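See below for the structure under consideration.
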Amino acid sequence: MKLAFIATGDIAQPTFRHLITHGPRPCLLITQPDKPVGRSHSEFLPPEIKSLAIENGIPVWQPERIIEIADALTDLHPDIIVVMAYGQIIGKDVRKAAKKAIINLHASLLPKYRGASCIQSAIANGDTETGITIMRVIRELDAGDIISAKRIPIGKTETAGELHDRLANLGPAALDEALKILAANPKAGTPQNEAEVTYAPKLLRENGRLDFTKPAAEIERFIRAYHPWPGTFTEVFVKGKTKRLKIFPPVEIAHYLIGPSELAVHEGQLLIGCSDGAIALSQVQPEGSKPMPATAFANSL
RNA sequence: CGCGGGAUGGAGAAGUCAGGUAUCUCGUCAGGCUCAUAACCUGAAGACCGUAGGUUCAAAUCCUACUCCCGCAA
C-alpha cells in the first residue's frame, strides 16, 4: 500500500516515525516551507519533521500552497493520504489524489474543538478528557466522518505542552486502528453530530492576555492551557512605564482577597488578584529580562 | 539595516540625564531572640559595575566600537 504523509507540527512526529519503522512506509512527506525565524529574519528553520524524512530517505515537498502539487501528487497514485497538523486547508484536487482515503488525525474528541487550538481549548475549558480523533478530510475543516478515536484523561496540573506530547504518542496506535478499520471496510465512518460542534480558532500572542476579572480557577486553567504557546501575560507598571509581564505555570489558587490585577506579596509569595481571590505565581518574565522566580521579581517592587 | 528594552556581589533591582567613598530587597554564613516561623534583632563574607579603547585630576556614570541577553513583530 502506498501512503503519503502531510504534516508540519511536532505532534505528527511519533506517528510519522512509527510509519517509517512499522509501515506502511510513507513514500512522501508534504510539509510547510522553511520559515524565517529569529529577531532579524535572517535564519530559516525547517519543520523538524522534514529532517526526520530526510534522514530516512523520504522525499519532501514544501509547496507555498498545497494546491500547487495536486497534479504531482495525483501522479504518484497514493492509496492513503494521512494529514496531521499541516497548517493549510487541503483543497479538493489534493483530496482527490487519494485512491482509497484521505484521513486526518486531530487532537481533540470531535466534534468538539475543530481547529488549530484544540489542545489549549480542552484544558482552558476544564475538560477531564481529550484524545485523538481520526476522520475523513472534506472541504470543511475537521468536519469529515469519524473513523475512530482514542481517549485519554487530562491531568489536573497538566500544561498544553505536556498534553501535546502525550497526544502525539497516542497517534501511532490511533492510526493503526483507523487503517485496520479502513482495510476491513473502505467506506467506514460516522458523521459528526453537528449540534455538538465547537471551534478552537488559531491563537495569536495577544490571545494570551490575562483577564483578572475572571475567577482564579479559570485563570489557572488558562495559564496551563496556553503554555508554552502562545504563553500568557499581563501588564505591570514599573519605573513609570507599562511593561509586559509573562506568567508561567504552575500557579496556585490563593485564598487571599485583593482586587483584580492588584499585586501583593504575602507569606513569601507573589500574588495577583482575581475576581474571587488571587493566584500565587511561581515564575515570571518581565519585558527585556529572562524568566525569573516570582520572588525575585517581587524583590524589586 | 523592521521596532524596542537590557547587562551593577549568588538572585532581582537603584544609581547613569547634572562624573567624586557601592545603595536597596532577597539569598548565603555566624550569633541572638522565640513554644515556634518563609517572623524579628545583631554581625560577616561576597563586585576589577558585559568587553575593548578614548576623554578627565577622577568614569558604573561622558564618547566610540564590539559581544551577549530579552520583549514586540513575522
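A note on labels: chains of the C-alpha cells are A, B, ... as shown, every chain counts residues from 1, and ligands are counted from 1 in their shown order.
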Sorted per-residue table, chain A near chain B, closest atoms and distance, 7 Å, only C-alpha atoms (C1' of nucleotides), as JSON lines:
{"residue": "A:Glu267", "atom": "CA", "partner": "B:A38", "partner_atom": "C1'", "distance": 6.2}
{"residue": "A:Gly268", "atom": "CA", "partner": "B:A38", "partner_atom": "C1'", "distance": 5.7}
{"residue": "A:Glu287", "atom": "CA", "partner": "B:G71", "partner_atom": "C1'", "distance": 4.7}
{"residue": "A:Gly288", "atom": "CA", "partner": "B:C70", "partner_atom": "C1'", "distance": 4.3}
{"residue": "A:Ser289", "atom": "CA", "partner": "B:C70", "partner_atom": "C1'", "distance": 5.1}
{"residue": "A:Lys290", "atom": "CA", "partner": "B:C70", "partner_atom": "C1'", "distance": 6.1}
{"residue": "A:Ala296", "atom": "CA", "partner": "B:G12", "partner_atom": "C1'", "distance": 4.7}
{"residue": "A:Phe297", "atom": "CA", "partner": "B:G12", "partner_atom": "C1'", "distance": 5.8}
{"residue": "A:Asn299", "atom": "CA", "partner": "B:U25", "partner_atom": "C1'", "distance": 4.7}
{"residue": "A:Ser300", "atom": "CA", "partner": "B:A13", "partner_atom": "C1'", "distance": 5.0}
Prev. selection, C-alpha atoms, output as a tab-separated table (two decimals), in the first residue's frame:
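Printed below is result.tsv as written:
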chain	number	residue	atom	x	y	z
A	267	GLU	CA	3.93	34.88	53.03
A	268	GLY	CA	6.75	35.00	50.53
A	287	GLU	CA	9.84	42.53	29.22
A	288	GLY	CA	13.56	42.72	28.47
A	289	SER	CA	14.57	40.16	31.09
A	290	LYS	CA	14.99	36.45	31.31
A	296	ALA	CA	12.96	37.70	42.57
A	297	PHE	CA	10.61	39.95	40.68
A	299	ASN	CA	12.23	41.98	45.40
A	300	SER	CA	12.35	44.98	43.12
How would you write, as JSON, numbers by chain, the set of residues in segment 56-289 of chain A that DSSP gives as strand (DSSP E or B)? {"A": [60, 61, 80, 81, 82, 83, 84, 101, 102, 103, 104, 105, 106, 114, 129, 130, 131, 132, 133, 134, 135, 136, 146, 147, 148, 149, 150, 151, 152, 153, 190, 199, 209, 232, 233, 234, 235, 236, 237, 238, 241, 242, 243, 244, 245, 246, 247, 248, 252, 253, 254, 263, 264, 265, 266, 269, 270, 271, 272, 273, 274, 277, 278, 279, 280, 281, 283, 284, 285, 286]}
Please list as a list in words every residue within 12 Å of Lys112 of chain A, counting only C-alpha atoms (C1' of nucleotides) and excluding residues in the same chain fewer than 6 positions away.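 The residues satisfying every condition are His106, Cys118, Ile119, Ser121, Ala122, Asn125, Asp127, Glu129, Thr130, Gly131, Ile132, Thr133, Asp142, Ala143, Gln192, Asn193, Glu194, Ala195, Glu196, Val197, Thr198, Tyr199 and Ala200 of chain A.
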Write out, as an mmCIF file, in the first residue's frame, the residues just selected, with N, CA, C and O atoms.
data_model
loop_
_atom_site.group_PDB
_atom_site.id
_atom_site.type_symbol
_atom_site.label_atom_id
_atom_site.label_comp_id
_atom_site.auth_asym_id
_atom_site.auth_seq_id
_atom_site.Cartn_x
_atom_site.Cartn_y
_atom_site.Cartn_z
ATOM 1 N N HIS A 106 -6.654 14.385 14.414
ATOM 2 C CA HIS A 106 -6.925 15.664 15.065
ATOM 3 C C HIS A 106 -6.892 15.481 16.580
ATOM 4 O O HIS A 106 -7.443 14.523 17.103
ATOM 5 N N CYS A 118 -6.988 23.167 19.498
ATOM 6 C CA CYS A 118 -7.819 22.156 20.153
ATOM 7 C C CYS A 118 -7.272 21.730 21.514
ATOM 8 O O CYS A 118 -8.030 21.525 22.464
ATOM 9 N N ILE A 119 -5.963 21.621 21.639
ATOM 10 C CA ILE A 119 -5.384 21.173 22.910
ATOM 11 C C ILE A 119 -5.563 22.255 23.971
ATOM 12 O O ILE A 119 -5.990 21.991 25.098
ATOM 13 N N SER A 121 -7.794 24.557 24.098
ATOM 14 C CA SER A 121 -9.201 24.716 24.455
ATOM 15 C C SER A 121 -9.656 23.671 25.454
ATOM 16 O O SER A 121 -10.419 23.962 26.367
ATOM 17 N N ALA A 122 -9.200 22.440 25.261
ATOM 18 C CA ALA A 122 -9.624 21.369 26.166
ATOM 19 C C ALA A 122 -9.202 21.675 27.602
ATOM 20 O O ALA A 122 -9.970 21.481 28.540
ATOM 21 N N ASN A 125 -11.027 24.935 29.084
ATOM 22 C CA ASN A 125 -12.425 24.717 29.450
ATOM 23 C C ASN A 125 -12.591 23.769 30.618
ATOM 24 O O ASN A 125 -13.711 23.491 31.043
ATOM 25 N N ASP A 127 -11.918 20.540 30.718
ATOM 26 C CA ASP A 127 -12.332 19.175 30.357
ATOM 27 C C ASP A 127 -11.508 18.156 31.129
ATOM 28 O O ASP A 127 -10.354 18.408 31.484
ATOM 29 N N GLU A 129 -11.196 14.958 29.919
ATOM 30 C CA GLU A 129 -10.564 14.041 28.967
ATOM 31 C C GLU A 129 -10.512 14.661 27.584
ATOM 32 O O GLU A 129 -11.249 15.590 27.259
ATOM 33 N N THR A 130 -9.583 14.132 26.778
ATOM 34 C CA THR A 130 -9.474 14.550 25.384
ATOM 35 C C THR A 130 -8.971 13.343 24.608
ATOM 36 O O THR A 130 -9.077 12.223 25.101
ATOM 37 N N GLY A 131 -8.431 13.565 23.422
ATOM 38 C CA GLY A 131 -7.961 12.404 22.675
ATOM 39 C C GLY A 131 -7.576 12.743 21.255
ATOM 40 O O GLY A 131 -7.417 13.913 20.902
ATOM 41 N N ILE A 132 -7.395 11.700 20.483
ATOM 42 C CA ILE A 132 -7.095 11.843 19.063
ATOM 43 C C ILE A 132 -8.278 11.284 18.281
ATOM 44 O O ILE A 132 -8.720 10.165 18.549
ATOM 45 N N THR A 133 -8.791 12.084 17.370
ATOM 46 C CA THR A 133 -9.872 11.611 16.509
ATOM 47 C C THR A 133 -9.335 11.495 15.086
ATOM 48 O O THR A 133 -8.593 12.364 14.632
ATOM 49 N N ASP A 142 -11.907 19.920 9.588
ATOM 50 C CA ASP A 142 -12.114 18.960 10.682
ATOM 51 C C ASP A 142 -13.560 18.475 10.804
ATOM 52 O O ASP A 142 -14.030 18.181 11.900
ATOM 53 N N ALA A 143 -14.245 18.385 9.681
ATOM 54 C CA ALA A 143 -15.685 18.107 9.746
ATOM 55 C C ALA A 143 -16.084 16.762 9.140
ATOM 56 O O ALA A 143 -17.259 16.423 9.102
ATOM 57 N N GLN A 192 -20.334 13.449 12.002
ATOM 58 C CA GLN A 192 -20.235 14.155 13.273
ATOM 59 C C GLN A 192 -21.588 14.751 13.648
ATOM 60 O O GLN A 192 -22.356 15.154 12.785
ATOM 61 N N ASN A 193 -21.840 14.800 14.931
ATOM 62 C CA ASN A 193 -23.073 15.405 15.431
ATOM 63 C C ASN A 193 -22.927 16.927 15.377
ATOM 64 O O ASN A 193 -22.252 17.533 16.205
ATOM 65 N N GLU A 194 -23.565 17.524 14.400
ATOM 66 C CA GLU A 194 -23.397 18.959 14.161
ATOM 67 C C GLU A 194 -23.869 19.801 15.347
ATOM 68 O O GLU A 194 -23.416 20.925 15.538
ATOM 69 N N ALA A 195 -24.755 19.252 16.144
ATOM 70 C CA ALA A 195 -25.281 20.011 17.284
ATOM 71 C C ALA A 195 -24.222 20.203 18.362
ATOM 72 O O ALA A 195 -24.301 21.120 19.172
ATOM 73 N N GLU A 196 -23.197 19.336 18.365
ATOM 74 C CA GLU A 196 -22.179 19.407 19.416
ATOM 75 C C GLU A 196 -20.875 20.056 18.955
ATOM 76 O O GLU A 196 -19.880 20.046 19.670
ATOM 77 N N VAL A 197 -20.892 20.618 17.775
ATOM 78 C CA VAL A 197 -19.674 21.204 17.224
ATOM 79 C C VAL A 197 -19.237 22.450 17.991
ATOM 80 O O VAL A 197 -20.046 23.307 18.309
ATOM 81 N N THR A 198 -17.922 22.503 18.329
ATOM 82 C CA THR A 198 -17.362 23.755 18.840
ATOM 83 C C THR A 198 -16.062 24.013 18.090
ATOM 84 O O THR A 198 -15.458 23.086 17.537
ATOM 85 N N TYR A 199 -15.642 25.265 18.103
ATOM 86 C CA TYR A 199 -14.447 25.638 17.352
ATOM 87 C C TYR A 199 -13.343 26.168 18.261
ATOM 88 O O TYR A 199 -13.612 26.817 19.272
ATOM 89 N N ALA A 200 -12.107 25.878 17.873
ATOM 90 C CA ALA A 200 -10.931 26.331 18.609
ATOM 91 C C ALA A 200 -10.029 27.056 17.620
ATOM 92 O O ALA A 200 -9.204 26.443 16.959
#
Residue nearest G20 of chain B among B:C3, B:A39, B:A59, B:A52 (counting only C-alpha atoms (C1' of nucleotides)):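 Once distances to G20 of chain B are computed over only C-alpha atoms (C1' of nucleotides), the minimum belongs to B:A59.
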With only C-alpha atoms (C1' of nucleotides) as the counted atoms, please give the residues lying no more than 7 Å from segment 6-22 of chain A, apart from itself and same-chain residues fewer than 5 positions off, as a list in words.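 The filter keeps Leu29, Ile30, Thr31, Gln32, Pro47, Glu48, Ile49, Val82, Val83, Met84, Ala85, Tyr86, Gly87, His164, Asp165, Ala168, Asn169, Gly171 and Pro172 of chain A.
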Step one, run DSSP on the backbone; step two, keep only residues of segment 204-263 of chain A assigned to helix (DSSP H, G or I); then write them as a PyMOL selection string. chain A and resi 205-208+216-225
Take the residues just selected and output them with N, CA, C and O atoms as a PDB file, in the first residue's frame.
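Saved to part.pdb:
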ATOM      1  N   ARG A 205      -0.339  35.668  19.905  1.00  0.00           N
ATOM      2  CA  ARG A 205       0.236  36.019  21.204  1.00  0.00           C
ATOM      3  C   ARG A 205      -0.715  36.874  22.021  1.00  0.00           C
ATOM      4  O   ARG A 205      -0.836  36.713  23.223  1.00  0.00           O
ATOM      5  N   GLU A 206      -1.385  37.777  21.344  1.00  0.00           N
ATOM      6  CA  GLU A 206      -2.288  38.688  22.037  1.00  0.00           C
ATOM      7  C   GLU A 206      -3.404  37.929  22.763  1.00  0.00           C
ATOM      8  O   GLU A 206      -3.950  38.412  23.758  1.00  0.00           O
ATOM      9  N   ASN A 207      -3.742  36.742  22.298  1.00  0.00           N
ATOM     10  CA  ASN A 207      -4.775  35.951  22.955  1.00  0.00           C
ATOM     11  C   ASN A 207      -4.345  35.503  24.348  1.00  0.00           C
ATOM     12  O   ASN A 207      -5.164  35.030  25.129  1.00  0.00           O
ATOM     13  N   GLY A 208      -3.055  35.639  24.660  1.00  0.00           N
ATOM     14  CA  GLY A 208      -2.552  35.207  25.951  1.00  0.00           C
ATOM     15  C   GLY A 208      -2.705  36.255  27.039  1.00  0.00           C
ATOM     16  O   GLY A 208      -2.255  36.055  28.155  1.00  0.00           O
ATOM     17  N   ALA A 216     -10.243  32.839  39.849  1.00  0.00           N
ATOM     18  CA  ALA A 216      -8.887  32.303  39.928  1.00  0.00           C
ATOM     19  C   ALA A 216      -8.771  30.935  39.258  1.00  0.00           C
ATOM     20  O   ALA A 216      -7.784  30.649  38.573  1.00  0.00           O
ATOM     21  N   ALA A 217      -9.765  30.079  39.448  1.00  0.00           N
ATOM     22  CA  ALA A 217      -9.691  28.729  38.888  1.00  0.00           C
ATOM     23  C   ALA A 217      -9.616  28.778  37.364  1.00  0.00           C
ATOM     24  O   ALA A 217      -8.883  28.021  36.729  1.00  0.00           O
ATOM     25  N   GLU A 218     -10.368  29.702  36.796  1.00  0.00           N
ATOM     26  CA  GLU A 218     -10.382  29.831  35.342  1.00  0.00           C
ATOM     27  C   GLU A 218      -9.037  30.347  34.830  1.00  0.00           C
ATOM     28  O   GLU A 218      -8.521  29.895  33.811  1.00  0.00           O
ATOM     29  N   ILE A 219      -8.471  31.288  35.550  1.00  0.00           N
ATOM     30  CA  ILE A 219      -7.188  31.852  35.159  1.00  0.00           C
ATOM     31  C   ILE A 219      -6.085  30.804  35.279  1.00  0.00           C
ATOM     32  O   ILE A 219      -5.209  30.702  34.418  1.00  0.00           O
ATOM     33  N   GLU A 220      -6.158  30.000  36.319  1.00  0.00           N
ATOM     34  CA  GLU A 220      -5.160  28.942  36.497  1.00  0.00           C
ATOM     35  C   GLU A 220      -5.200  27.983  35.309  1.00  0.00           C
ATOM     36  O   GLU A 220      -4.165  27.593  34.777  1.00  0.00           O
ATOM     37  N   ARG A 221      -6.389  27.616  34.873  1.00  0.00           N
ATOM     38  CA  ARG A 221      -6.517  26.711  33.722  1.00  0.00           C
ATOM     39  C   ARG A 221      -5.981  27.366  32.460  1.00  0.00           C
ATOM     40  O   ARG A 221      -5.316  26.735  31.643  1.00  0.00           O
ATOM     41  N   PHE A 222      -6.283  28.632  32.325  1.00  0.00           N
ATOM     42  CA  PHE A 222      -5.872  29.390  31.148  1.00  0.00           C
ATOM     43  C   PHE A 222      -4.343  29.418  31.036  1.00  0.00           C
ATOM     44  O   PHE A 222      -3.775  29.234  29.957  1.00  0.00           O
ATOM     45  N   ILE A 223      -3.683  29.622  32.160  1.00  0.00           N
ATOM     46  CA  ILE A 223      -2.219  29.693  32.155  1.00  0.00           C
ATOM     47  C   ILE A 223      -1.620  28.338  31.785  1.00  0.00           C
ATOM     48  O   ILE A 223      -0.643  28.257  31.045  1.00  0.00           O
ATOM     49  N   ARG A 224      -2.224  27.265  32.269  1.00  0.00           N
ATOM     50  CA  ARG A 224      -1.762  25.922  31.882  1.00  0.00           C
ATOM     51  C   ARG A 224      -2.048  25.650  30.416  1.00  0.00           C
ATOM     52  O   ARG A 224      -1.245  25.071  29.703  1.00  0.00           O
ATOM     53  N   ALA A 225      -3.228  26.095  29.978  1.00  0.00           N
ATOM     54  CA  ALA A 225      -3.665  25.805  28.614  1.00  0.00           C
ATOM     55  C   ALA A 225      -2.793  26.512  27.583  1.00  0.00           C
ATOM     56  O   ALA A 225      -2.566  25.991  26.496  1.00  0.00           O
TER      57      ALA A 225
END
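Taking atom CA of Val284 of chain A and atom CA of Leu271 of chain A as endpoints, the distance between them is 11.6 Å.
Interatomic distance, atom CA of Gly189 of chain A to atom CA of Leu105 of chain A: 13.8 Å.
For the pair atom CA of Gln283 of chain A and atom CA of Thr213 of chain A, the interatomic distance is 21.1 Å.
Residue neighbourhood of A45 of chain B, excluding near-sequence residues (fewer than 3 positions): G9, G10, U28, C29 and A30 of chain B, at 12 Å, using only C-alpha atoms (C1' of nucleotides).
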Output N, CA, C and O atoms (P, O5', C5', C4', C3', O3' and C1' of nucleotides) of each residue in that selection to a file, as a tab-separated table (two decimals), in the first residue's frame.
chain	number	residue	atom	x	y	z
B	9	G	P	26.61	41.84	39.32
B	9	G	O5'	27.46	41.26	40.54
B	9	G	C5'	26.84	40.57	41.64
B	9	G	C4'	27.94	40.22	42.60
B	9	G	C3'	27.68	38.99	43.43
B	9	G	O3'	28.79	38.11	43.35
B	9	G	C1'	28.34	40.80	44.80
B	10	G	P	28.84	36.98	42.26
B	10	G	O5'	27.65	36.02	42.73
B	10	G	C5'	27.52	34.75	42.09
B	10	G	C4'	26.19	34.14	42.44
B	10	G	C3'	24.97	34.98	42.09
B	10	G	O3'	24.58	34.85	40.74
B	10	G	C1'	24.76	34.18	44.30
B	28	U	P	19.18	31.25	52.68
B	28	U	O5'	20.77	31.29	52.55
B	28	U	C5'	21.44	30.52	51.55
B	28	U	C4'	22.92	30.76	51.62
B	28	U	C3'	23.52	30.66	53.02
B	28	U	O3'	23.79	29.31	53.37
B	28	U	C1'	24.31	32.62	51.98
B	29	C	P	23.49	28.84	54.86
B	29	C	O5'	24.73	29.45	55.65
B	29	C	C5'	26.06	29.08	55.30
B	29	C	C4'	27.05	29.92	56.06
B	29	C	C3'	26.78	30.08	57.55
B	29	C	O3'	27.22	28.95	58.29
B	29	C	C1'	27.27	32.19	56.64
B	30	A	P	26.45	28.60	59.66
B	30	A	O5'	26.93	29.77	60.64
B	30	A	C5'	28.30	29.85	61.02
B	30	A	C4'	28.51	31.03	61.94
B	30	A	C3'	27.53	31.12	63.10
B	30	A	O3'	27.86	30.26	64.18
B	30	A	C1'	27.76	33.23	62.10
Among the residues A:Asp145, A:Glu55, A:Glu252, A:Glu158, the one that comes closest to Leu270 of chain A [using only C-alpha atoms]: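 When distances to Leu270 of chain A are compared using only C-alpha atoms, the smallest one comes from A:Glu252.
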